[in-house]
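Student: This is entry_11.txt (compact mmCIF, C-alpha atoms and all ligand atoms).
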# COMPACT_ATOMS: atom_id res chain seq x y z
CA MET A 1 -30.33 -3.69 12.17
CA ARG A 2 -26.80 -2.39 11.53
CA HIS A 3 -25.42 0.59 9.64
CA PHE A 4 -21.97 0.85 8.06
CA LEU A 5 -20.85 4.35 9.07
CA THR A 6 -17.29 3.83 10.31
CA LEU A 7 -15.07 0.83 11.08
CA LYS A 8 -14.99 2.13 14.65
CA ASP A 9 -18.34 0.37 15.14
CA TYR A 10 -17.05 -2.98 13.84
CA THR A 11 -15.15 -5.76 15.55
CA LYS A 12 -12.25 -7.57 13.91
CA ASP A 13 -14.45 -10.65 13.48
CA GLU A 14 -17.19 -8.65 11.78
CA ILE A 15 -14.72 -6.99 9.40
CA LEU A 16 -13.27 -10.39 8.47
CA GLU A 17 -16.76 -11.89 8.09
CA ILE A 18 -17.65 -9.19 5.55
CA ILE A 19 -14.33 -9.69 3.75
CA ASP A 20 -14.98 -13.45 3.52
CA LEU A 21 -18.40 -12.76 2.06
CA ALA A 22 -16.87 -10.33 -0.43
CA ILE A 23 -14.31 -12.96 -1.50
CA GLN A 24 -17.08 -15.53 -1.96
CA ILE A 25 -19.24 -13.12 -4.00
CA LYS A 26 -16.23 -12.02 -6.06
CA GLU A 27 -15.52 -15.65 -6.96
CA GLU A 28 -19.16 -16.20 -7.90
CA THR A 29 -19.16 -13.04 -10.01
CA LYS A 30 -15.96 -14.13 -11.81
CA ARG A 31 -17.74 -17.40 -12.67
CA LYS A 32 -20.65 -15.30 -13.96
CA GLU A 33 -22.86 -16.62 -11.18
CA PHE A 34 -24.99 -13.67 -10.24
CA VAL A 35 -26.72 -14.90 -7.10
CA PRO A 36 -29.73 -12.63 -6.38
CA TYR A 37 -28.93 -12.10 -2.70
CA LEU A 38 -30.79 -8.76 -2.74
CA GLU A 39 -33.55 -9.55 -5.22
CA HIS A 40 -36.03 -6.71 -5.73
CA GLN A 41 -34.22 -4.50 -3.26
CA THR A 42 -33.60 -0.82 -3.95
CA LEU A 43 -30.45 1.00 -2.90
CA ALA A 44 -30.76 4.79 -2.71
CA MET A 45 -27.42 6.48 -3.43
CA ILE A 46 -27.31 10.07 -2.20
CA PHE A 47 -24.35 12.11 -3.40
CA GLU A 48 -23.48 15.55 -2.03
CA LYS A 49 -19.99 15.27 -3.59
CA SER A 50 -18.67 13.97 -6.93
CA SER A 51 -17.78 10.35 -7.52
CA THR A 52 -16.67 7.89 -10.18
CA ARG A 53 -15.82 4.69 -8.28
CA THR A 54 -18.39 4.89 -5.50
CA ARG A 55 -21.24 5.56 -7.86
CA VAL A 56 -20.30 2.93 -10.44
CA SER A 57 -19.45 0.23 -7.90
CA PHE A 58 -22.62 0.63 -5.83
CA GLU A 59 -24.87 0.88 -8.87
CA VAL A 60 -23.33 -2.13 -10.62
CA GLY A 61 -23.11 -4.00 -7.31
CA ILE A 62 -26.77 -3.73 -6.37
CA TYR A 63 -27.77 -4.62 -9.95
CA GLN A 64 -25.61 -7.76 -9.90
CA LEU A 65 -27.20 -8.72 -6.58
CA GLY A 66 -30.66 -8.66 -8.15
CA GLY A 67 -31.69 -5.18 -7.02
CA ILE A 68 -31.63 -1.69 -8.42
CA GLY A 69 -29.79 1.54 -7.51
CA LEU A 70 -31.27 5.03 -7.47
CA PHE A 71 -28.71 7.75 -8.12
CA LEU A 72 -29.78 10.82 -6.17
CA SER A 73 -27.49 13.78 -6.66
CA LYS A 74 -27.89 16.60 -4.16
CA ASN A 75 -28.78 19.03 -6.92
CA ASP A 76 -31.60 16.89 -8.21
CA ILE A 77 -33.38 16.27 -4.92
CA GLN A 78 -34.92 18.62 -2.36
CA LEU A 79 -31.97 18.07 0.01
CA GLY A 80 -30.08 20.51 -2.20
CA ARG A 81 -32.79 23.13 -1.61
CA GLY A 82 -32.66 22.76 2.15
CA GLU A 83 -34.94 19.84 3.01
CA PRO A 84 -33.51 18.49 6.28
CA MET A 85 -31.45 15.30 6.36
CA LYS A 86 -33.81 13.79 8.90
CA ASP A 87 -36.84 14.32 6.66
CA THR A 88 -35.00 12.96 3.63
CA ALA A 89 -34.11 9.91 5.74
CA ARG A 90 -37.69 9.31 6.82
CA VAL A 91 -38.97 9.53 3.23
CA VAL A 92 -36.26 7.57 1.43
CA SER A 93 -36.08 4.79 4.01
CA ARG A 94 -39.83 4.10 3.70
CA MET A 95 -39.40 3.34 0.00
CA CYS A 96 -35.89 1.93 -0.31
CA ASP A 97 -34.24 -1.08 1.32
CA MET A 98 -30.79 0.40 1.89
CA VAL A 99 -29.16 3.82 1.57
CA MET A 100 -25.63 4.89 0.67
CA ILE A 101 -24.65 8.48 1.37
CA ARG A 102 -21.64 10.58 0.38
CA THR A 103 -21.68 13.82 2.31
CA PHE A 104 -19.59 16.32 4.27
CA GLU A 105 -19.71 15.99 8.07
CA GLN A 106 -19.96 12.53 9.62
CA ALA A 107 -22.60 14.06 11.93
CA LYS A 108 -24.94 14.54 8.93
CA LEU A 109 -24.58 10.89 8.01
CA GLU A 110 -25.21 9.87 11.61
CA GLU A 111 -28.32 12.03 11.73
CA PHE A 112 -29.62 10.34 8.60
CA ALA A 113 -28.94 6.92 10.10
CA ARG A 114 -30.77 7.82 13.32
CA TYR A 115 -33.92 8.58 11.37
CA SER A 116 -33.60 5.76 8.83
CA LYS A 117 -35.64 2.57 8.99
CA VAL A 118 -33.10 0.79 6.78
CA PRO A 119 -29.31 0.23 6.85
CA VAL A 120 -27.20 3.25 5.91
CA ILE A 121 -23.73 2.97 4.34
CA ASN A 122 -21.06 5.67 4.43
CA GLY A 123 -19.94 6.39 0.86
CA LEU A 124 -17.39 8.95 2.19
CA THR A 125 -17.57 11.80 4.64
CA ASN A 126 -14.99 14.39 5.66
CA GLU A 127 -14.00 12.08 8.52
CA TYR A 128 -14.13 8.55 7.10
CA HIS A 129 -14.20 6.42 3.94
CA PRO A 130 -14.78 2.92 5.36
CA VAL A 131 -16.02 1.18 2.19
CA GLN A 132 -12.72 2.11 0.52
CA LEU A 133 -10.76 0.47 3.31
CA MET A 134 -12.69 -2.77 2.92
CA ALA A 135 -11.64 -2.81 -0.75
CA ASP A 136 -8.07 -1.94 0.24
CA TYR A 137 -7.89 -4.79 2.71
CA LEU A 138 -9.33 -7.23 0.17
CA THR A 139 -6.58 -6.08 -2.21
CA MET A 140 -3.92 -6.59 0.47
CA ILE A 141 -5.16 -10.17 0.94
CA GLU A 142 -5.06 -10.84 -2.80
CA PHE A 143 -1.51 -9.51 -3.11
CA GLY A 144 -0.33 -11.50 -0.09
CA LYS A 145 0.10 -8.45 2.16
CA ALA A 146 -2.43 -9.12 4.90
CA ASP A 147 -0.24 -11.20 7.20
CA ASN A 148 0.99 -8.80 9.89
CA PRO A 149 1.96 -6.09 7.37
CA ILE A 150 3.63 -2.74 7.86
CA VAL A 151 1.51 -0.12 6.11
CA ALA A 152 2.87 3.37 5.44
CA TYR A 153 0.36 6.14 4.73
CA ILE A 154 2.03 9.27 3.36
CA GLY A 155 0.20 12.59 3.09
CA ASP A 156 -2.85 14.28 4.52
CA GLY A 157 -4.33 13.24 7.88
CA ASN A 158 -7.75 13.11 6.23
CA ASN A 159 -10.70 10.71 5.87
CA MET A 160 -8.41 8.07 4.32
CA ALA A 161 -5.84 8.38 7.11
CA HIS A 162 -8.62 8.11 9.69
CA SER A 163 -10.01 5.02 8.01
CA TRP A 164 -6.57 3.41 7.89
CA LEU A 165 -6.26 4.16 11.61
CA MET A 166 -9.50 2.29 12.28
CA LEU A 167 -8.64 -0.68 10.06
CA ALA A 168 -5.14 -1.14 11.48
CA SER A 169 -6.18 -0.67 15.09
CA LYS A 170 -9.08 -3.10 14.77
CA LEU A 171 -7.18 -5.78 12.84
CA GLY A 172 -3.92 -5.40 14.73
CA PHE A 173 -1.29 -4.52 12.13
CA THR A 174 1.39 -1.82 11.94
CA LEU A 175 0.40 1.56 10.52
CA ARG A 176 2.82 4.44 10.14
CA ILE A 177 1.37 7.78 9.12
CA ALA A 178 3.60 10.57 7.84
CA THR A 179 2.03 14.00 7.42
CA PRO A 180 3.38 17.54 7.23
CA LYS A 181 3.16 19.48 10.48
CA GLY A 182 -0.36 20.80 10.95
CA TYR A 183 -1.94 18.07 8.80
CA GLU A 184 -2.00 15.27 11.36
CA PRO A 185 -5.13 13.11 11.78
CA ASN A 186 -7.86 14.43 14.12
CA GLU A 187 -6.68 13.97 17.66
CA HIS A 188 -9.85 12.32 18.94
CA ILE A 189 -9.77 9.74 16.14
CA PHE A 190 -6.08 9.10 16.72
CA VAL A 191 -6.59 8.63 20.46
CA GLU A 192 -9.49 6.28 19.81
CA ALA A 193 -7.35 4.24 17.41
CA LEU A 194 -4.62 3.97 20.07
CA LYS A 195 -7.22 2.58 22.45
CA PHE A 196 -8.28 -0.08 19.93
CA ALA A 197 -4.62 -0.78 19.16
CA LYS A 198 -4.00 -1.64 22.80
CA GLU A 199 -6.64 -4.35 22.57
CA SER A 200 -5.63 -5.70 19.15
CA GLY A 201 -1.85 -5.40 19.48
CA ALA A 202 -1.58 -2.97 16.55
CA THR A 203 1.36 -0.59 16.31
CA ILE A 204 0.34 2.93 15.33
CA GLU A 205 3.00 5.56 14.67
CA LEU A 206 2.82 9.18 13.60
CA THR A 207 5.76 10.99 12.07
CA HIS A 208 6.55 14.01 9.89
CA ASP A 209 9.21 12.10 7.97
CA PRO A 210 7.96 10.06 4.97
CA LYS A 211 11.28 8.15 4.83
CA GLU A 212 10.90 6.95 8.39
CA ALA A 213 7.33 5.80 7.68
CA VAL A 214 8.16 3.90 4.49
CA LYS A 215 11.20 2.01 5.82
CA ASP A 216 10.63 -1.75 5.20
CA ALA A 217 6.92 -1.23 4.56
CA ASP A 218 4.87 -3.92 2.82
CA VAL A 219 2.21 -1.49 1.66
CA VAL A 220 2.70 2.17 0.79
CA THR A 221 -0.35 4.31 0.27
CA THR A 222 -1.35 7.93 -0.14
CA ASP A 223 -4.31 10.13 -1.09
CA THR A 224 -4.88 13.51 -2.66
CA TRP A 225 -3.56 16.51 -0.77
CA ILE A 226 -6.73 18.42 -1.62
CA SER A 227 -9.89 16.60 -0.62
CA MET A 228 -13.33 17.49 -1.90
CA GLY A 229 -14.40 20.73 -0.23
CA GLN A 230 -10.80 21.98 0.23
CA GLU A 231 -10.35 23.43 -3.26
CA GLU A 232 -9.74 26.94 -1.89
CA GLU A 233 -6.72 25.72 0.08
CA LYS A 234 -5.09 24.21 -3.01
CA GLU A 235 -2.11 26.56 -3.38
CA LYS A 236 -1.25 26.53 0.31
CA ARG A 237 -1.52 22.77 0.51
CA ILE A 238 0.73 22.23 -2.50
CA GLN A 239 3.39 24.29 -0.72
CA ASP A 240 2.88 22.61 2.66
CA PHE A 241 3.03 19.06 1.24
CA LYS A 242 6.37 19.54 -0.53
CA GLY A 243 8.52 16.49 0.16
CA PHE A 244 5.53 14.18 0.63
CA GLU A 245 5.25 12.89 -2.93
CA VAL A 246 5.59 9.10 -3.19
CA THR A 247 8.47 8.81 -5.66
CA LYS A 248 10.64 5.93 -6.82
CA GLU A 249 13.33 7.09 -4.44
CA LEU A 250 10.92 6.86 -1.51
CA MET A 251 9.54 3.49 -2.65
CA LYS A 252 13.13 2.13 -2.63
CA LEU A 253 13.08 2.32 1.16
CA ALA A 254 10.06 -0.01 1.37
CA LYS A 255 10.40 -3.79 0.99
CA ASP A 256 11.43 -4.88 -2.52
CA ASP A 257 8.04 -6.45 -3.16
CA ALA A 258 6.00 -3.68 -1.52
CA ILE A 259 2.70 -2.78 -3.12
CA PHE A 260 1.39 0.72 -3.64
CA LEU A 261 -2.28 1.54 -3.12
CA HIS A 262 -4.24 4.69 -3.97
CA CYS A 263 -7.98 5.13 -3.47
CA LEU A 264 -8.06 7.39 -6.55
CA PRO A 265 -8.46 9.86 -8.14
CA ALA A 266 -4.66 10.33 -8.26
CA TYR A 267 -2.85 13.56 -9.00
CA ARG A 268 0.52 12.76 -10.55
CA GLY A 269 3.36 15.07 -9.66
CA TYR A 270 1.66 15.86 -6.35
CA GLU A 271 1.01 12.93 -3.96
CA VAL A 272 2.48 10.33 -6.34
CA SER A 273 4.88 10.38 -9.26
CA GLU A 274 3.82 9.13 -12.69
CA ASP A 275 6.39 6.30 -12.68
CA VAL A 276 5.38 4.94 -9.26
CA PHE A 277 1.73 5.09 -10.28
CA GLU A 278 2.23 3.25 -13.58
CA GLU A 279 4.58 0.68 -12.06
CA HIS A 280 1.88 -0.20 -9.54
CA ALA A 281 -1.14 0.18 -11.81
CA GLU A 282 -2.12 -3.49 -11.40
CA GLU A 283 -2.50 -3.11 -7.64
CA ILE A 284 -4.21 0.27 -7.91
CA PHE A 285 -6.83 -0.82 -10.44
CA THR A 286 -7.45 -4.14 -8.66
CA GLU A 287 -8.08 -1.99 -5.59
CA ALA A 288 -10.57 0.10 -7.61
CA GLU A 289 -12.32 -3.03 -8.91
CA ASN A 290 -12.47 -4.40 -5.38
CA ARG A 291 -14.77 -1.55 -4.42
CA LEU A 292 -17.44 -3.48 -6.30
CA HIS A 293 -16.79 -6.79 -4.57
CA ALA A 294 -16.21 -5.41 -1.07
CA GLN A 295 -19.40 -3.36 -1.17
CA LYS A 296 -21.44 -6.32 -2.38
CA GLY A 297 -20.16 -8.11 0.72
CA ILE A 298 -21.17 -5.17 2.90
CA MET A 299 -24.66 -4.91 1.42
CA VAL A 300 -25.38 -8.64 1.72
CA TRP A 301 -23.99 -8.70 5.28
CA LEU A 302 -26.17 -5.75 6.32
CA ASP A 303 -29.21 -7.40 4.77
CA ARG A 304 -28.53 -10.62 6.69
CA LYS A 305 -28.19 -8.71 9.98
CA ARG A 306 -31.58 -7.15 9.40
CA SER A 307 -33.31 -10.44 8.78
CA SER A 308 -31.49 -12.47 11.44
N1 LIG B 1 -12.04 6.36 -4.18
C1 LIG B 1 -13.26 6.90 -4.37
O1 LIG B 1 -14.12 6.90 -3.49
O2 LIG B 1 -13.46 7.37 -5.63
P1 LIG B 1 -14.69 8.26 -6.12
O3 LIG B 1 -14.57 9.60 -5.47
O4 LIG B 1 -14.54 8.33 -7.61
O5 LIG B 1 -15.98 7.59 -5.73
N1 LIG B 2 -9.69 12.34 0.61
C1 LIG B 2 -10.39 12.34 -0.65
C2 LIG B 2 -10.81 10.95 -1.02
C3 LIG B 2 -11.45 10.82 -2.37
C4 LIG B 2 -11.93 9.44 -2.65
C5 LIG B 2 -11.60 13.26 -0.56
O1 LIG B 2 -12.28 13.27 0.47
O2 LIG B 2 -11.85 13.99 -1.52
Could you take the file, read its structure, and then write that structure out as structure tokens?
Ligand code: CP
Ligand code: NVA

Tutor:
Amino acid sequence: MRHFLTLKDYTKDEILEIIDLAIQIKEETKRKEFVPYLEHQTLAMIFEKSSTRTRVSFEVGIYQLGGIGLFLSKNDIQLGRGEPMKDTARVVSRMCDMVMIRTFEQAKLEEFARYSKVPVINGLTNEYHPVQLMADYLTMIEFGKADNPIVAYIGDGNNMAHSWLMLASKLGFTLRIATPKGYEPNEHIFVEALKFAKESGATIELTHDPKEAVKDADVVTTDTWISMGQEEEKEKRIQDFKGFEVTKELMKLAKDDAIFLHCLPAYRGYEVSEDVFEEHAEEIFTEAENRLHAQKGIMVWLDRKRSS
């Protein structure tokens, strides 16, 4: 049995296998062929943080696969009143076939997975957001940007930056990360990515200059400067991230046909300007839609691993 907790645990071949499955299921879905790959299965969806895309895509995804999703918000279940993760895991995994969790520390997710009898999927933690990256890569393929691309990530060295580090270092492409000083990715994750990059041939670069990162890039991406749980740091972060907004001027340094991705929600006037966002809305909302297709691929893949 496999879990989907971070791309660190996945080989290039496995990532591409899931992507192929997602492409196949997306094509079937577009033809209105709803193949019941997960008939009668129940996906528990535990949320300790807010969500629009993750909730909608997992709930619709499991339904389209012939199963049903249970939305379990922290405040509605005993977890919110202090029932331990490991007990929640042992209860939920005896009744459900798969679990998706959005929580704070990756360690909490890992604890849940250790006690779970069924596959567990990371729906975002403070450290990683791997399901988002699967959707992002699917979008890169669809826009013709998956062939040895240069990806520039501008902004906070957060869960999205860490996930980009894992994707690039596993698949072997160029990733340039530009953050303000003091907001670099976690050192241990960065070092681990460099190790994977050595094996895959990826180029990983860290800079404090957004212009340097974006030069000739095929894909430019960013994320909020204030992640969930960091609301109290808002004012300081807005000051510290000055100069890191993805503007038209910055986009001019990328390749002429560069795409812009954003995991959303987006805060215009902060990490991205309104005009860049609207100019690239087709890519951004295809990326959002691809959450649905990529996660269906992940769920079906995990189910196959369990039964093989
Ligand atoms: N990108 C993303 O995970 O969005 P939500 O927070 O709305 O789920
Ligand atoms: N870095 C953001 C991503 C939201 C999808 C957060 O953790 O809030």

Student: For each of A:Leu292, A:Ala178, A:Val131, A:Met85, take the minimum atom-to-atom distance to ligand LIG 2 (chain B), counting all atoms listed in the file, then give the residue where this is smallest.

Tutor: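 Once distances to ligand LIG 2 (chain B) are computed over all atoms listed in the file, the minimum belongs to A:Val131.
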
Student: Find, counting only C-alpha atoms and all ligand atoms, the residue in A:Arg237, A:Lys86, A:Lys26, A:Lys49 that gets nearest to ligand LIG 1 (chain B).

Tutor: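 Of all the options, A:Lys49 lies closest to ligand LIG 1 (chain B).
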
Student: I need the residue nearest ligand LIG 1 (chain B) from this list: A:Lys211, A:Arg53, A:Lys255, A:His262. Use all atoms listed in the file for the distance.

Tutor: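 Ranked by minimum distance to ligand LIG 1 (chain B), first place goes to A:Arg53.
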
Student: Residues at most 10 Å from ligand LIG 2 (chain B), using all atoms listed in the file? Could they come as a compact mmCIF listing (two decimals) with C-alpha atoms, in the frame of the given file?

Tutor:
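And here is the file that came out, selection-v8.txt:
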# COMPACT_ATOMS: atom_id res chain seq x y z
CA LYS A 49 -19.99 15.27 -3.59
CA SER A 50 -18.67 13.97 -6.93
CA SER A 51 -17.78 10.35 -7.52
CA THR A 52 -16.67 7.89 -10.18
CA ARG A 53 -15.82 4.69 -8.28
CA THR A 54 -18.39 4.89 -5.50
CA ARG A 102 -21.64 10.58 0.38
CA THR A 103 -21.68 13.82 2.31
CA PHE A 104 -19.59 16.32 4.27
CA GLY A 123 -19.94 6.39 0.86
CA LEU A 124 -17.39 8.95 2.19
CA THR A 125 -17.57 11.80 4.64
CA ASN A 126 -14.99 14.39 5.66
CA GLU A 127 -14.00 12.08 8.52
CA TYR A 128 -14.13 8.55 7.10
CA HIS A 129 -14.20 6.42 3.94
CA GLN A 132 -12.72 2.11 0.52
CA ASP A 156 -2.85 14.28 4.52
CA GLY A 157 -4.33 13.24 7.88
CA ASN A 158 -7.75 13.11 6.23
CA ASN A 159 -10.70 10.71 5.87
CA MET A 160 -8.41 8.07 4.32
CA ALA A 161 -5.84 8.38 7.11
CA THR A 222 -1.35 7.93 -0.14
CA ASP A 223 -4.31 10.13 -1.09
CA THR A 224 -4.88 13.51 -2.66
CA TRP A 225 -3.56 16.51 -0.77
CA ILE A 226 -6.73 18.42 -1.62
CA SER A 227 -9.89 16.60 -0.62
CA MET A 228 -13.33 17.49 -1.90
CA GLY A 229 -14.40 20.73 -0.23
CA GLN A 230 -10.80 21.98 0.23
CA GLU A 231 -10.35 23.43 -3.26
CA HIS A 262 -4.24 4.69 -3.97
CA CYS A 263 -7.98 5.13 -3.47
CA LEU A 264 -8.06 7.39 -6.55
CA PRO A 265 -8.46 9.86 -8.14
CA ALA A 266 -4.66 10.33 -8.26

Student: Could you pull out every residue with an atom within 12 Å of (-30.0, 10.3, 8.1), file coordinates, counting only C-alpha atoms, and send them as number ranges by chain?

Tutor: A: 3, 5, 46, 79, 83-93, 98-103, 105-122

Student: Using all atoms listed in the file for the distances, tell me which of A:Glu28, A:Asp97, A:Asp76, A:Glu232 is nearest to Gln64 of chain A.

Tutor: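 Once distances to Gln64 of chain A are computed over all atoms listed in the file, the minimum belongs to A:Glu28.
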
Student: With only C-alpha atoms as the basis for distance, which of A:Val300, A:Ile189, A:Ala22, A:Val276 is at the shortest distance from Gln41 of chain A?

Tutor: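 Among the listed residues, the smallest separation from Gln41 of chain A belongs to A:Val300.
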
Student: Env of Leu21 of chain A: 9 Å cut, atoms = all atoms listed in the file, seq-sep filter 3 positions within chain, self excluded. Answer as number ranges by chain.

Tutor: A: 16-18, 24-26, 294, 296-298, 300-301

Student: The selected residues should be written to file as a short mmCIF file (atom, residue, chain, number, x, y, z; two decimals), keeping the file's coordinate frame (atoms: C-alpha atoms).

Tutor:
data_model
loop_
_atom_site.label_atom_id
_atom_site.label_comp_id
_atom_site.auth_asym_id
_atom_site.auth_seq_id
_atom_site.Cartn_x
_atom_site.Cartn_y
_atom_site.Cartn_z
CA LEU A 16 -13.27 -10.39 8.47
CA GLU A 17 -16.76 -11.89 8.09
CA ILE A 18 -17.65 -9.19 5.55
CA GLN A 24 -17.08 -15.53 -1.96
CA ILE A 25 -19.24 -13.12 -4.00
CA LYS A 26 -16.23 -12.02 -6.06
CA ALA A 294 -16.21 -5.41 -1.07
CA LYS A 296 -21.44 -6.32 -2.38
CA GLY A 297 -20.16 -8.11 0.72
CA ILE A 298 -21.17 -5.17 2.90
CA VAL A 300 -25.38 -8.64 1.72
CA TRP A 301 -23.99 -8.70 5.28
#

Student: For a quick check of understanding, using only C-alpha atoms, which of A:Leu253, A:Leu165, A:Ile284, A:Val219 has the smallest distance to Lys195 of chain A?

Tutor: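 Among the listed residues, the smallest separation from Lys195 of chain A belongs to A:Leu165.
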
Student: Give me, please, the distance in Å between atom O4 of ligand LIG 1 (chain B) and atom CA of His188 of chain A, quoted to one decimal.

Tutor: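 Those two atoms sit 27.3 Å apart.
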
Student: Distance atom CA of Glu274 of chain A-atom CA of Thr139 of chain A, one decimal place?

Tutor: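 Straight-line distance from atom CA of Glu274 of chain A to atom CA of Thr139 of chain A works out to 21.2 Å.
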
Student: To one decimal place in Å, what is the distance between atom CA of Phe58 of chain A and atom CA of Lys145 of chain A?

Tutor: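 Here the two named atoms are 25.7 Å from each other.
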
Student: When you get a chance, write out N, CA, C and O atoms for segment 179-195 of chain A, as a PDB file, in the frame of the given file.

Tutor:
ATOM      1  N   THR A 179       2.704  12.800   7.945  1.00  0.00           N
ATOM      2  CA  THR A 179       2.030  14.000   7.420  1.00  0.00           C
ATOM      3  C   THR A 179       2.930  15.214   7.634  1.00  0.00           C
ATOM      4  O   THR A 179       3.792  15.196   8.511  1.00  0.00           O
ATOM      5  N   PRO A 180       2.705  16.287   6.878  1.00  0.00           N
ATOM      6  CA  PRO A 180       3.380  17.540   7.230  1.00  0.00           C
ATOM      7  C   PRO A 180       2.851  18.040   8.569  1.00  0.00           C
ATOM      8  O   PRO A 180       1.742  17.667   8.976  1.00  0.00           O
ATOM      9  N   LYS A 181       3.623  18.894   9.203  1.00  0.00           N
ATOM     10  CA  LYS A 181       3.160  19.480  10.480  1.00  0.00           C
ATOM     11  C   LYS A 181       1.875  20.278  10.225  1.00  0.00           C
ATOM     12  O   LYS A 181       1.766  20.989   9.231  1.00  0.00           O
ATOM     13  N   GLY A 182       0.907  20.086  11.091  1.00  0.00           N
ATOM     14  CA  GLY A 182      -0.360  20.800  10.950  1.00  0.00           C
ATOM     15  C   GLY A 182      -1.404  20.022  10.160  1.00  0.00           C
ATOM     16  O   GLY A 182      -2.552  20.445  10.057  1.00  0.00           O
ATOM     17  N   TYR A 183      -1.002  18.888   9.585  1.00  0.00           N
ATOM     18  CA  TYR A 183      -1.940  18.070   8.800  1.00  0.00           C
ATOM     19  C   TYR A 183      -2.111  16.677   9.392  1.00  0.00           C
ATOM     20  O   TYR A 183      -2.445  15.725   8.693  1.00  0.00           O
ATOM     21  N   GLU A 184      -1.877  16.553  10.684  1.00  0.00           N
ATOM     22  CA  GLU A 184      -2.000  15.270  11.360  1.00  0.00           C
ATOM     23  C   GLU A 184      -3.475  14.845  11.398  1.00  0.00           C
ATOM     24  O   GLU A 184      -4.374  15.686  11.278  1.00  0.00           O
ATOM     25  N   PRO A 185      -3.750  13.557  11.621  1.00  0.00           N
ATOM     26  CA  PRO A 185      -5.130  13.110  11.780  1.00  0.00           C
ATOM     27  C   PRO A 185      -5.793  13.825  12.963  1.00  0.00           C
ATOM     28  O   PRO A 185      -5.096  14.325  13.857  1.00  0.00           O
ATOM     29  N   ASN A 186      -7.129  13.842  12.974  1.00  0.00           N
ATOM     30  CA  ASN A 186      -7.860  14.430  14.120  1.00  0.00           C
ATOM     31  C   ASN A 186      -7.426  13.739  15.397  1.00  0.00           C
ATOM     32  O   ASN A 186      -7.351  12.506  15.445  1.00  0.00           O
ATOM     33  N   GLU A 187      -7.210  14.543  16.425  1.00  0.00           N
ATOM     34  CA  GLU A 187      -6.680  13.970  17.660  1.00  0.00           C
ATOM     35  C   GLU A 187      -7.635  12.944  18.278  1.00  0.00           C
ATOM     36  O   GLU A 187      -7.213  11.885  18.724  1.00  0.00           O
ATOM     37  N   HIS A 188      -8.932  13.249  18.254  1.00  0.00           N
ATOM     38  CA  HIS A 188      -9.850  12.320  18.940  1.00  0.00           C
ATOM     39  C   HIS A 188      -9.911  10.974  18.213  1.00  0.00           C
ATOM     40  O   HIS A 188     -10.041   9.935  18.843  1.00  0.00           O
ATOM     41  N   ILE A 189      -9.757  11.011  16.896  1.00  0.00           N
ATOM     42  CA  ILE A 189      -9.770   9.740  16.140  1.00  0.00           C
ATOM     43  C   ILE A 189      -8.474   8.975  16.402  1.00  0.00           C
ATOM     44  O   ILE A 189      -8.468   7.764  16.594  1.00  0.00           O
ATOM     45  N   PHE A 190      -7.374   9.729  16.458  1.00  0.00           N
ATOM     46  CA  PHE A 190      -6.080   9.100  16.720  1.00  0.00           C
ATOM     47  C   PHE A 190      -6.057   8.445  18.104  1.00  0.00           C
ATOM     48  O   PHE A 190      -5.631   7.294  18.255  1.00  0.00           O
ATOM     49  N   VAL A 191      -6.575   9.159  19.079  1.00  0.00           N
ATOM     50  CA  VAL A 191      -6.590   8.630  20.460  1.00  0.00           C
ATOM     51  C   VAL A 191      -7.474   7.378  20.539  1.00  0.00           C
ATOM     52  O   VAL A 191      -7.124   6.392  21.185  1.00  0.00           O
ATOM     53  N   GLU A 192      -8.587   7.430  19.823  1.00  0.00           N
ATOM     54  CA  GLU A 192      -9.490   6.280  19.810  1.00  0.00           C
ATOM     55  C   GLU A 192      -8.796   5.066  19.171  1.00  0.00           C
ATOM     56  O   GLU A 192      -8.903   3.936  19.657  1.00  0.00           O
ATOM     57  N   ALA A 193      -8.065   5.333  18.094  1.00  0.00           N
ATOM     58  CA  ALA A 193      -7.350   4.240  17.410  1.00  0.00           C
ATOM     59  C   ALA A 193      -6.297   3.636  18.351  1.00  0.00           C
ATOM     60  O   ALA A 193      -6.111   2.414  18.387  1.00  0.00           O
ATOM     61  N   LEU A 194      -5.634   4.490  19.125  1.00  0.00           N
ATOM     62  CA  LEU A 194      -4.620   3.970  20.070  1.00  0.00           C
ATOM     63  C   LEU A 194      -5.257   3.054  21.105  1.00  0.00           C
ATOM     64  O   LEU A 194      -4.672   2.050  21.509  1.00  0.00           O
ATOM     65  N   LYS A 195      -6.477   3.399  21.471  1.00  0.00           N
ATOM     66  CA  LYS A 195      -7.220   2.580  22.450  1.00  0.00           C
ATOM     67  C   LYS A 195      -7.519   1.205  21.841  1.00  0.00           C
ATOM     68  O   LYS A 195      -7.293   0.175  22.463  1.00  0.00           O
TER      69      LYS A 195
END
